[in-house]
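Trainee: Quick one: the structure is below, questions incoming.
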Amino acid sequence: MSASRTPRTAVAVRHVPFEDLGILAPLLAERGYETTLLDAGIDELDADAVAVAGADLLIVLGGPIGVYDDDRYPFLRSSKAAVAARLDSGGATLGVCLGAQLLAESLGAAVRPTGAVEIGFGPLTLTPEGRESVLAPLDGEPVLHWHGDEFAIPAGAQSLAHTPGFPHQAFAVGRTLGLQFHLEADHRTIERWLIGHAHELHHNGIDPRVIREQARTLGPRLETLATRVLTDWLDAVEA
């Protein structure tokens with residue numbers, strides 16, 4: 001009898017309950033990952049923790065705070081230390097929105113508030129490098145945006161995508177991929193986002209009915225494209 005294969009391990013860092021793994025959860029399960037979910041601010045993300053530094057895959061998800069909010073949210077310091085240690089190890093790492101901003105800052109790039117927001121489904125334009133990357137299926141396609149901060153592209157990384165208001169939407173360096181937008185979001189559970197971000201939507205004059213309808217009409221196609229992108233990226237970092 002052949003020895004059983006050791007399961008791959010994934011760690012997902014979550015900042016708010018409704019910005020979860022979404023469509024990534026079943027995709028990882030299908031590929032044999034055992035996934036540990038850590039809640040930032042509750043679970044300790046020590047820089048030397050085996051769960052973070054030693055996992056086969058680290059995913060840092062989005063949230064409504066900024067990377068520069070250390071004084072108000074001290075847990076960010078340990079999160080940044082853990083992310084920096086992870087990047088030093090060269091392990092496969094995916095950052096989404098706030099997660100991508102944490103990756104960018106750890107790689108020496110600036111992250112700043114823009115004074116504007118980009119919320120809802122809108123088309124993505126890929127750079128020449130982006131059209132040669134795993135993001136290729138997304139060129140010109142509407143993806144889910146939910147951000148007001150922006151990151152600069154880290155030194156040595158490839159800039160992969162942009163929108164009119166946010167010139168830096170994605171970057172890749174080594175086995176690290178940072179996405180400002182939300183490929184992981186499940187269009188079937190968009191109501192959680194609309195409830196959880198109700199104050200932000202009201203403050204910015206955004207009608208939740210518009211995003212709800214966008215999720216209904218655009219979500220299924222985006223899920224197909226996002227699954228392809230995420231599958232191709234996992235194939236590449238697992239090779």
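To be explicit about the labels: the chains of the structure tokens are called A, B, and onward in the order shown, and within each one the residues are counted from 1, while ligands get numbers from 1 in the order they are shown.
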Residues at most 8 Å from segment 10-20 of chain A, counting only C-alpha atoms, excluding those fewer than 2 positions away in the same chain, as an MDAnalysis selection string?
Mentor: chainID A and resid 8 22 33:41 51:52 55:63 184:185 192:193 196
Trainee: Could the residues in this selection be saved with N, CA, C and O atoms as a JSON list (two decimals), in the first residue's frame?
Mentor:
```
[["chain", "number", "residue", "atom", "x", "y", "z"],
["A", 8, "ARG", "N", -2.00, 19.50, 1.50],
["A", 8, "ARG", "CA", -1.51, 20.87, 1.45],
["A", 8, "ARG", "C", -2.21, 21.68, 2.52],
["A", 8, "ARG", "O", -3.36, 21.42, 2.87],
["A", 22, "GLY", "N", -15.08, 32.98, 0.09],
["A", 22, "GLY", "CA", -16.03, 32.94, -1.02],
["A", 22, "GLY", "C", -15.80, 31.74, -1.92],
["A", 22, "GLY", "O", -15.73, 30.60, -1.46],
["A", 33, "TYR", "N", -6.52, 21.06, -0.08],
["A", 33, "TYR", "CA", -5.97, 21.91, 0.97],
["A", 33, "TYR", "C", -6.75, 21.74, 2.28],
["A", 33, "TYR", "O", -7.99, 21.65, 2.27],
["A", 34, "GLU", "N", -6.04, 21.71, 3.38],
["A", 34, "GLU", "CA", -6.63, 21.86, 4.70],
["A", 34, "GLU", "C", -6.46, 23.32, 5.09],
["A", 34, "GLU", "O", -5.33, 23.80, 5.24],
["A", 35, "THR", "N", -7.56, 24.05, 5.22],
["A", 35, "THR", "CA", -7.51, 25.50, 5.40],
["A", 35, "THR", "C", -7.78, 25.90, 6.83],
["A", 35, "THR", "O", -8.77, 25.46, 7.44],
["A", 36, "THR", "N", -6.91, 26.74, 7.37],
["A", 36, "THR", "CA", -7.08, 27.32, 8.70],
["A", 36, "THR", "C", -7.47, 28.78, 8.53],
["A", 36, "THR", "O", -6.81, 29.53, 7.81],
["A", 37, "LEU", "N", -8.55, 29.18, 9.18],
["A", 37, "LEU", "CA", -9.02, 30.56, 9.12],
["A", 37, "LEU", "C", -8.61, 31.29, 10.39],
["A", 37, "LEU", "O", -8.93, 30.86, 11.50],
["A", 38, "LEU", "N", -7.89, 32.39, 10.22],
["A", 38, "LEU", "CA", -7.46, 33.21, 11.35],
["A", 38, "LEU", "C", -8.17, 34.56, 11.27],
["A", 38, "LEU", "O", -8.19, 35.19, 10.21],
["A", 39, "ASP", "N", -8.75, 34.98, 12.38],
["A", 39, "ASP", "CA", -9.42, 36.28, 12.45],
["A", 39, "ASP", "C", -8.44, 37.32, 12.97],
["A", 39, "ASP", "O", -8.02, 37.27, 14.13],
["A", 40, "ALA", "N", -8.07, 38.26, 12.10],
["A", 40, "ALA", "CA", -7.15, 39.32, 12.50],
["A", 40, "ALA", "C", -7.74, 40.11, 13.66],
["A", 40, "ALA", "O", -8.93, 40.40, 13.70],
["A", 41, "GLY", "N", -6.90, 40.44, 14.62],
["A", 41, "GLY", "CA", -7.35, 41.17, 15.80],
["A", 41, "GLY", "C", -7.84, 40.25, 16.91],
["A", 41, "GLY", "O", -7.96, 40.68, 18.06],
["A", 51, "ALA", "N", 1.91, 28.36, 11.44],
["A", 51, "ALA", "CA", 0.67, 28.39, 10.65],
["A", 51, "ALA", "C", 0.75, 29.41, 9.52],
["A", 51, "ALA", "O", 0.21, 29.18, 8.44],
["A", 52, "VAL", "N", 1.40, 30.55, 9.77],
["A", 52, "VAL", "CA", 1.48, 31.59, 8.75],
["A", 52, "VAL", "C", 2.71, 31.41, 7.87],
["A", 52, "VAL", "O", 2.62, 31.37, 6.64],
["A", 55, "ALA", "N", 2.82, 27.59, 5.99],
["A", 55, "ALA", "CA", 1.73, 27.03, 5.19],
["A", 55, "ALA", "C", 2.12, 26.98, 3.72],
["A", 55, "ALA", "O", 2.94, 27.77, 3.24],
["A", 56, "ASP", "N", 1.52, 26.06, 2.99],
["A", 56, "ASP", "CA", 1.75, 26.00, 1.55],
["A", 56, "ASP", "C", 1.20, 27.23, 0.84],
["A", 56, "ASP", "O", 1.72, 27.65, -0.19],
["A", 57, "LEU", "N", 0.14, 27.82, 1.41],
["A", 57, "LEU", "CA", -0.52, 28.96, 0.80],
["A", 57, "LEU", "C", -1.01, 29.90, 1.88],
["A", 57, "LEU", "O", -1.59, 29.45, 2.87],
["A", 58, "LEU", "N", -0.76, 31.19, 1.72],
["A", 58, "LEU", "CA", -1.31, 32.22, 2.61],
["A", 58, "LEU", "C", -2.20, 33.13, 1.80],
["A", 58, "LEU", "O", -1.80, 33.61, 0.73],
["A", 59, "ILE", "N", -3.40, 33.38, 2.31],
["A", 59, "ILE", "CA", -4.35, 34.30, 1.68],
["A", 59, "ILE", "C", -4.70, 35.36, 2.70],
["A", 59, "ILE", "O", -5.18, 35.05, 3.80],
["A", 60, "VAL", "N", -4.46, 36.62, 2.37],
["A", 60, "VAL", "CA", -4.80, 37.73, 3.27],
["A", 60, "VAL", "C", -5.96, 38.48, 2.63],
["A", 60, "VAL", "O", -5.82, 39.06, 1.54],
["A", 61, "LEU", "N", -7.10, 38.46, 3.30],
["A", 61, "LEU", "CA", -8.35, 38.98, 2.73],
["A", 61, "LEU", "C", -8.54, 40.46, 3.03],
["A", 61, "LEU", "O", -7.71, 41.11, 3.67],
["A", 62, "GLY", "N", -9.66, 41.00, 2.55],
["A", 62, "GLY", "CA", -9.93, 42.43, 2.64],
["A", 62, "GLY", "C", -10.55, 42.85, 3.96],
["A", 62, "GLY", "O", -10.89, 42.03, 4.82],
["A", 63, "GLY", "N", -10.71, 44.16, 4.11],
["A", 63, "GLY", "CA", -11.31, 44.73, 5.31],
["A", 63, "GLY", "C", -11.42, 46.23, 5.19],
["A", 63, "GLY", "O", -10.81, 46.84, 4.30],
["A", 184, "GLU", "N", -12.59, 36.73, -5.26],
["A", 184, "GLU", "CA", -13.07, 35.66, -4.37],
["A", 184, "GLU", "C", -14.53, 35.82, -3.97],
["A", 184, "GLU", "O", -15.17, 34.84, -3.53],
["A", 185, "ALA", "N", -15.09, 37.02, -4.10],
["A", 185, "ALA", "CA", -16.44, 37.29, -3.60],
["A", 185, "ALA", "C", -17.48, 36.44, -4.33],
["A", 185, "ALA", "O", -17.47, 36.34, -5.56],
["A", 192, "ARG", "N", -24.52, 40.03, 2.18],
["A", 192, "ARG", "CA", -23.69, 40.19, 3.38],
["A", 192, "ARG", "C", -22.83, 41.44, 3.26],
["A", 192, "ARG", "O", -22.63, 42.17, 4.23],
["A", 193, "TRP", "N", -22.28, 41.67, 2.07],
["A", 193, "TRP", "CA", -21.46, 42.86, 1.84],
["A", 193, "TRP", "C", -22.31, 44.13, 1.94],
["A", 193, "TRP", "O", -21.88, 45.13, 2.52],
["A", 196, "GLY", "N", -23.04, 44.61, 5.66],
["A", 196, "GLY", "CA", -21.85, 44.92, 6.43],
["A", 196, "GLY", "C", -21.26, 46.28, 6.10],
["A", 196, "GLY", "O", -20.67, 46.94, 6.97]]
```
Trainee: Using backbone DSSP assignments, extract all strand (DSSP E) residues from segment 20-223 of chain A; output them as an NGL selection string.
Mentor: :A and (33-39 or 57-60 or 92-96 or 111-123 or 125-126 or 142-151 or 158-162 or 170-173 or 176-179)
Trainee: Pick out the closest residue to Leu87 of chain A from this set: A:Ala53, A:Ala239, A:Ala100, A:Ile153. Count only C-alpha atoms.
Mentor: A:Ala53
Trainee: Which one is closest to Asn204 of chain A: A:Tyr73, A:Trp146, A:Phe151, A:Phe171? Count only C-alpha atoms.
Mentor: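 Ranked by minimum distance to Asn204 of chain A, first place goes to A:Trp146.
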Trainee: May I have the residues within 10 Å of Glu44 of chain A as a PDB file with C-alpha atoms, in the first residue's frame, using only C-alpha atoms and disregarding those fewer than 5 positions away in the same chain?
Mentor:
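Result file follows (part-v6.pdb):
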```pdb
ATOM      1  CA  LEU A  38      -7.463  33.212  11.345  1.00  0.00           C
ATOM      2  CA  ASP A  39      -9.416  36.281  12.447  1.00  0.00           C
ATOM      3  CA  ALA A  49       3.993  31.202  13.771  1.00  0.00           C
ATOM      4  CA  PHE A  75      -3.118  44.232  15.694  1.00  0.00           C
ATOM      5  CA  SER A  78       1.671  41.752  14.194  1.00  0.00           C
ATOM      6  CA  SER A  79      -0.133  41.238  10.887  1.00  0.00           C
ATOM      7  CA  ALA A  82       3.716  37.980   9.862  1.00  0.00           C
TER       8      ALA A  82
END
```
Trainee: Considering only C-alpha atoms, give me a table of residues in segment 89-176 of chain A that are at most 10 Å from segment 211-221 of chain A, with the closest atom pair and distance in Å for each, as a Markdown table.
Mentor:
```
| residue | atom | partner | partner_atom | distance |
| --- | --- | --- | --- | --- |
| A:Ile119 | CA | A:Ile211 | CA | 8.5 |
| A:Gly120 | CA | A:Ile211 | CA | 5.6 |
| A:Phe121 | CA | A:Gln214 | CA | 6.5 |
| A:Gly122 | CA | A:Gln214 | CA | 9.5 |
| A:Glu141 | CA | A:Arg221 | CA | 9.4 |
| A:Pro142 | CA | A:Leu218 | CA | 7.5 |
| A:Val143 | CA | A:Leu218 | CA | 8.5 |
| A:Leu144 | CA | A:Ala215 | CA | 8.6 |
```
Trainee: I need the chosen residues saved as a short mmCIF file (atom, residue, chain, number, x, y, z; two decimals), in the first residue's frame, with all heavy atoms.
Mentor:
```cif
data_model
loop_
_atom_site.label_atom_id
_atom_site.label_comp_id
_atom_site.auth_asym_id
_atom_site.auth_seq_id
_atom_site.Cartn_x
_atom_site.Cartn_y
_atom_site.Cartn_z
N ILE A 119 -16.51 51.44 -5.79
CA ILE A 119 -17.35 50.40 -5.19
C ILE A 119 -18.38 49.94 -6.21
O ILE A 119 -19.09 50.76 -6.80
CB ILE A 119 -18.06 50.91 -3.92
CG1 ILE A 119 -17.03 51.29 -2.85
CG2 ILE A 119 -19.02 49.86 -3.37
CD1 ILE A 119 -17.63 51.89 -1.58
N GLY A 120 -18.45 48.65 -6.42
CA GLY A 120 -19.37 48.08 -7.39
C GLY A 120 -18.61 47.38 -8.51
O GLY A 120 -17.38 47.31 -8.51
N PHE A 121 -19.34 46.86 -9.46
CA PHE A 121 -18.73 46.15 -10.58
C PHE A 121 -18.32 47.14 -11.66
O PHE A 121 -19.11 47.97 -12.09
CB PHE A 121 -19.72 45.14 -11.16
CG PHE A 121 -19.95 43.94 -10.28
CD1 PHE A 121 -20.75 44.03 -9.15
CD2 PHE A 121 -19.37 42.72 -10.58
CE1 PHE A 121 -20.97 42.93 -8.33
CE2 PHE A 121 -19.58 41.61 -9.77
CZ PHE A 121 -20.39 41.72 -8.64
N GLY A 122 -17.07 47.03 -12.09
CA GLY A 122 -16.57 47.90 -13.14
C GLY A 122 -15.47 47.21 -13.92
O GLY A 122 -14.77 46.33 -13.40
N GLU A 141 -13.19 43.03 -18.54
CA GLU A 141 -14.33 42.42 -17.85
C GLU A 141 -14.65 43.19 -16.56
O GLU A 141 -13.75 43.66 -15.86
CB GLU A 141 -14.03 40.97 -17.51
CG GLU A 141 -13.82 40.07 -18.71
CD GLU A 141 -15.13 39.75 -19.42
OE1 GLU A 141 -16.21 39.97 -18.83
OE2 GLU A 141 -15.06 39.25 -20.57
N PRO A 142 -15.93 43.29 -16.20
CA PRO A 142 -16.29 43.92 -14.93
C PRO A 142 -15.98 43.00 -13.75
O PRO A 142 -16.37 41.83 -13.75
CB PRO A 142 -17.80 44.16 -15.07
CG PRO A 142 -18.26 43.17 -16.08
CD PRO A 142 -17.11 42.92 -17.00
N VAL A 143 -15.25 43.54 -12.78
CA VAL A 143 -14.94 42.82 -11.55
C VAL A 143 -15.49 43.63 -10.38
O VAL A 143 -15.86 44.80 -10.52
CB VAL A 143 -13.43 42.58 -11.39
CG1 VAL A 143 -12.89 41.73 -12.53
CG2 VAL A 143 -12.67 43.92 -11.32
N LEU A 144 -15.53 43.03 -9.21
CA LEU A 144 -16.07 43.71 -8.03
C LEU A 144 -14.98 44.53 -7.35
O LEU A 144 -13.97 43.99 -6.89
CB LEU A 144 -16.64 42.70 -7.05
CG LEU A 144 -17.21 43.31 -5.75
CD1 LEU A 144 -18.37 44.26 -6.04
CD2 LEU A 144 -17.64 42.20 -4.78
#
```
Trainee: Report as a compact mmCIF listing (two decimals) with N, CA, C and O atoms, in the first residue's frame all protein, DNA and RNA residues lying within 12 Å of Glu238 of chain A, evaluated on only C-alpha atoms, omitting residues in the same chain fewer than 5 positions from it.
Mentor:
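Writing the result to result.txt gives the following:
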```
# COMPACT_ATOMS: atom_id res chain seq x y z
N ARG A 8 -2.00 19.50 1.50
CA ARG A 8 -1.51 20.87 1.45
C ARG A 8 -2.21 21.68 2.52
O ARG A 8 -3.36 21.42 2.87
N THR A 9 -1.53 22.72 3.01
CA THR A 9 -2.11 23.57 4.04
C THR A 9 -2.27 24.99 3.51
O THR A 9 -1.40 25.51 2.81
N ARG A 31 -8.79 20.90 -4.27
CA ARG A 31 -7.37 20.67 -4.54
C ARG A 31 -6.66 20.01 -3.37
O ARG A 31 -5.44 19.84 -3.40
N TYR A 33 -6.52 21.06 -0.08
CA TYR A 33 -5.97 21.91 0.97
C TYR A 33 -6.75 21.74 2.28
O TYR A 33 -7.99 21.65 2.27
N ASP A 56 1.52 26.06 2.99
CA ASP A 56 1.75 26.00 1.55
C ASP A 56 1.20 27.23 0.84
O ASP A 56 1.72 27.65 -0.19
N LEU A 57 0.14 27.82 1.41
CA LEU A 57 -0.52 28.96 0.80
C LEU A 57 -1.01 29.90 1.88
O LEU A 57 -1.59 29.45 2.87
N GLY A 91 7.05 31.90 0.19
CA GLY A 91 5.88 31.05 0.06
C GLY A 91 4.79 31.68 -0.77
O GLY A 91 4.67 32.92 -0.85
N ALA A 92 3.97 30.86 -1.40
CA ALA A 92 2.88 31.34 -2.24
C ALA A 92 1.90 32.17 -1.40
O ALA A 92 1.41 31.71 -0.36
N THR A 93 1.63 33.39 -1.85
CA THR A 93 0.83 34.33 -1.07
C THR A 93 -0.10 35.12 -1.98
O THR A 93 0.33 35.66 -3.01
N ARG A 175 6.13 34.40 -6.22
CA ARG A 175 4.93 33.60 -5.96
C ARG A 175 3.88 34.40 -5.20
O ARG A 175 3.01 33.83 -4.53
N LEU A 230 -7.95 31.95 -10.70
CA LEU A 230 -7.43 31.41 -9.45
C LEU A 230 -6.86 30.01 -9.63
O LEU A 230 -5.84 29.66 -9.03
N THR A 231 -7.50 29.22 -10.48
CA THR A 231 -7.00 27.88 -10.77
C THR A 231 -5.64 27.95 -11.46
O THR A 231 -4.70 27.22 -11.10
N ASP A 232 -5.52 28.84 -12.44
CA ASP A 232 -4.25 28.97 -13.15
C ASP A 232 -3.14 29.46 -12.21
O ASP A 232 -1.99 29.01 -12.31
N TRP A 233 -3.50 30.37 -11.31
CA TRP A 233 -2.48 30.86 -10.38
C TRP A 233 -2.03 29.76 -9.42
O TRP A 233 -0.84 29.58 -9.18
```
Trainee: Any idea what's packed within 12 Å of Ala104 of chain A, counting only C-alpha atoms, ignoring anything in its chain fewer than 2 positions away? Could you give it as a PyMOL selection string?
Mentor: chain A and resi 60+67+80+83-84+87+93-102+106-112+150-159+168-173+176-180
Trainee: Restricting the output to N, CA and C atoms, write the selected residues as a short mmCIF file (atom, residue, chain, number, x, y, z; two decimals), in the first residue's frame.
Mentor:
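And here's part.cif as it stands now:
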```
data_model
loop_
_atom_site.label_atom_id
_atom_site.label_comp_id
_atom_site.auth_asym_id
_atom_site.auth_seq_id
_atom_site.Cartn_x
_atom_site.Cartn_y
_atom_site.Cartn_z
N VAL A 60 -4.46 36.62 2.37
CA VAL A 60 -4.80 37.73 3.27
C VAL A 60 -5.96 38.48 2.63
N VAL A 67 -3.92 50.24 6.05
CA VAL A 67 -2.67 49.70 6.57
C VAL A 67 -1.95 50.69 7.48
N LYS A 80 1.49 42.79 9.99
CA LYS A 80 2.55 43.21 9.08
C LYS A 80 3.82 42.38 9.30
N VAL A 83 3.21 38.99 7.71
CA VAL A 83 3.25 39.08 6.25
C VAL A 83 4.68 39.25 5.76
N ALA A 84 5.46 40.11 6.44
CA ALA A 84 6.84 40.33 6.03
C ALA A 84 7.66 39.05 6.13
N LEU A 87 6.69 36.76 3.24
CA LEU A 87 7.26 37.17 1.96
C LEU A 87 8.75 36.85 1.90
N THR A 93 1.63 33.39 -1.85
CA THR A 93 0.83 34.33 -1.07
C THR A 93 -0.10 35.12 -1.98
N LEU A 94 -1.36 35.19 -1.59
CA LEU A 94 -2.37 35.97 -2.31
C LEU A 94 -2.93 37.02 -1.38
N GLY A 95 -2.91 38.28 -1.81
CA GLY A 95 -3.50 39.36 -1.04
C GLY A 95 -4.65 39.99 -1.80
N VAL A 96 -5.75 40.23 -1.11
CA VAL A 96 -6.95 40.81 -1.72
C VAL A 96 -7.29 42.12 -1.01
N CYS A 97 -7.37 43.20 -1.76
CA CYS A 97 -7.76 44.52 -1.26
C CYS A 97 -6.85 44.92 -0.10
N LEU A 98 -7.35 45.00 1.13
CA LEU A 98 -6.47 45.31 2.27
C LEU A 98 -5.31 44.33 2.31
N GLY A 99 -5.56 43.07 2.00
CA GLY A 99 -4.48 42.09 1.98
C GLY A 99 -3.40 42.45 0.98
N ALA A 100 -3.79 42.90 -0.21
CA ALA A 100 -2.82 43.33 -1.22
C ALA A 100 -2.05 44.55 -0.76
N GLN A 101 -2.74 45.46 -0.06
CA GLN A 101 -2.08 46.65 0.46
C GLN A 101 -1.05 46.29 1.52
N LEU A 102 -1.37 45.30 2.36
CA LEU A 102 -0.40 44.84 3.36
C LEU A 102 0.82 44.22 2.67
N SER A 106 4.65 45.75 2.81
CA SER A 106 5.74 44.89 3.26
C SER A 106 6.85 44.79 2.23
N LEU A 107 6.51 45.00 0.97
CA LEU A 107 7.50 44.97 -0.12
C LEU A 107 8.10 46.35 -0.40
N GLY A 108 7.79 47.32 0.48
CA GLY A 108 8.41 48.63 0.38
C GLY A 108 7.64 49.67 -0.40
N ALA A 109 6.41 49.37 -0.82
CA ALA A 109 5.62 50.31 -1.62
C ALA A 109 4.70 51.13 -0.71
N ALA A 110 4.39 52.33 -1.16
CA ALA A 110 3.52 53.21 -0.39
C ALA A 110 2.05 52.80 -0.57
N VAL A 111 1.28 52.98 0.49
CA VAL A 111 -0.17 52.79 0.45
C VAL A 111 -0.80 54.05 1.02
N ARG A 112 -1.81 54.58 0.33
CA ARG A 112 -2.38 55.86 0.78
C ARG A 112 -3.87 55.91 0.49
N GLU A 150 -5.12 53.10 -2.18
CA GLU A 150 -4.39 52.53 -3.30
C GLU A 150 -2.96 52.23 -2.91
N PHE A 151 -2.39 51.23 -3.56
CA PHE A 151 -0.99 50.89 -3.34
C PHE A 151 -0.16 51.30 -4.55
N ALA A 152 1.10 51.62 -4.30
CA ALA A 152 2.06 51.74 -5.40
C ALA A 152 2.55 50.34 -5.75
N ILE A 153 3.11 50.19 -6.93
CA ILE A 153 3.64 48.90 -7.34
C ILE A 153 5.02 48.71 -6.71
N PRO A 154 5.21 47.63 -5.97
CA PRO A 154 6.51 47.41 -5.32
C PRO A 154 7.64 47.30 -6.35
N ALA A 155 8.83 47.71 -5.92
CA ALA A 155 10.00 47.59 -6.79
C ALA A 155 10.21 46.13 -7.18
N GLY A 156 10.42 45.91 -8.45
CA GLY A 156 10.67 44.56 -8.95
C GLY A 156 9.41 43.78 -9.30
N ALA A 157 8.24 44.33 -8.97
CA ALA A 157 6.98 43.65 -9.27
C ALA A 157 6.43 44.12 -10.61
N GLN A 158 5.58 43.31 -11.21
CA GLN A 158 4.91 43.67 -12.45
C GLN A 158 3.56 44.29 -12.13
N SER A 159 3.25 45.42 -12.75
CA SER A 159 1.93 46.02 -12.68
C SER A 159 1.05 45.33 -13.71
N HIS A 168 -3.30 51.42 -10.16
CA HIS A 168 -2.60 50.21 -9.71
C HIS A 168 -3.62 49.25 -9.11
N GLN A 169 -4.01 48.26 -9.88
CA GLN A 169 -5.06 47.34 -9.45
C GLN A 169 -4.54 45.94 -9.13
N ALA A 170 -3.35 45.60 -9.59
CA ALA A 170 -2.82 44.26 -9.35
C ALA A 170 -1.32 44.26 -9.60
N PHE A 171 -0.62 43.42 -8.85
CA PHE A 171 0.81 43.25 -9.08
C PHE A 171 1.20 41.81 -8.78
N ALA A 172 2.31 41.40 -9.36
CA ALA A 172 2.84 40.07 -9.13
C ALA A 172 4.35 40.16 -9.01
N VAL A 173 4.87 39.40 -8.06
CA VAL A 173 6.32 39.27 -7.91
C VAL A 173 6.58 37.89 -7.31
N THR A 176 3.96 35.72 -5.30
CA THR A 176 3.03 36.62 -4.62
C THR A 176 2.16 37.34 -5.65
N LEU A 177 0.87 37.38 -5.38
CA LEU A 177 -0.09 38.08 -6.24
C LEU A 177 -0.94 38.99 -5.37
N GLY A 178 -0.97 40.27 -5.71
CA GLY A 178 -1.80 41.24 -4.99
C GLY A 178 -2.90 41.77 -5.89
N LEU A 179 -4.14 41.69 -5.42
CA LEU A 179 -5.30 42.13 -6.18
C LEU A 179 -6.07 43.18 -5.39
N GLN A 180 -6.28 44.34 -5.97
CA GLN A 180 -7.09 45.36 -5.31
C GLN A 180 -8.57 45.00 -5.34
#
```
Trainee: From a DSSP pass on the backbone, collect the residues of segment 37-153 of chain A flagged as helix (DSSP H, G or I) and hand them back as a PyMOL selection string.
Mentor: chain A and resi 50-53+75-89+98-106+128-131+136-138
Trainee: What does the distance between atom CA of Asp71 of chain A and atom CA of Gly205 of chain A come to in Å, to one decimal place?
Mentor: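 Taking atom CA of Asp71 of chain A and atom CA of Gly205 of chain A, their separation equals 28.9 Å.
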Trainee: What does the distance between atom CA of Asp139 of chain A and atom CA of Pro123 of chain A come to in Å, to one decimal place?
Mentor: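 These atoms are spaced 7.9 Å apart.
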Trainee: For a test of reading the model, state the distance in Å between atom CA of Pro137 of chain A and atom CA of Ile190 of chain A, rounded to one decimal.
Mentor: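 Atom CA of Pro137 of chain A sits 22.4 Å away from atom CA of Ile190 of chain A.
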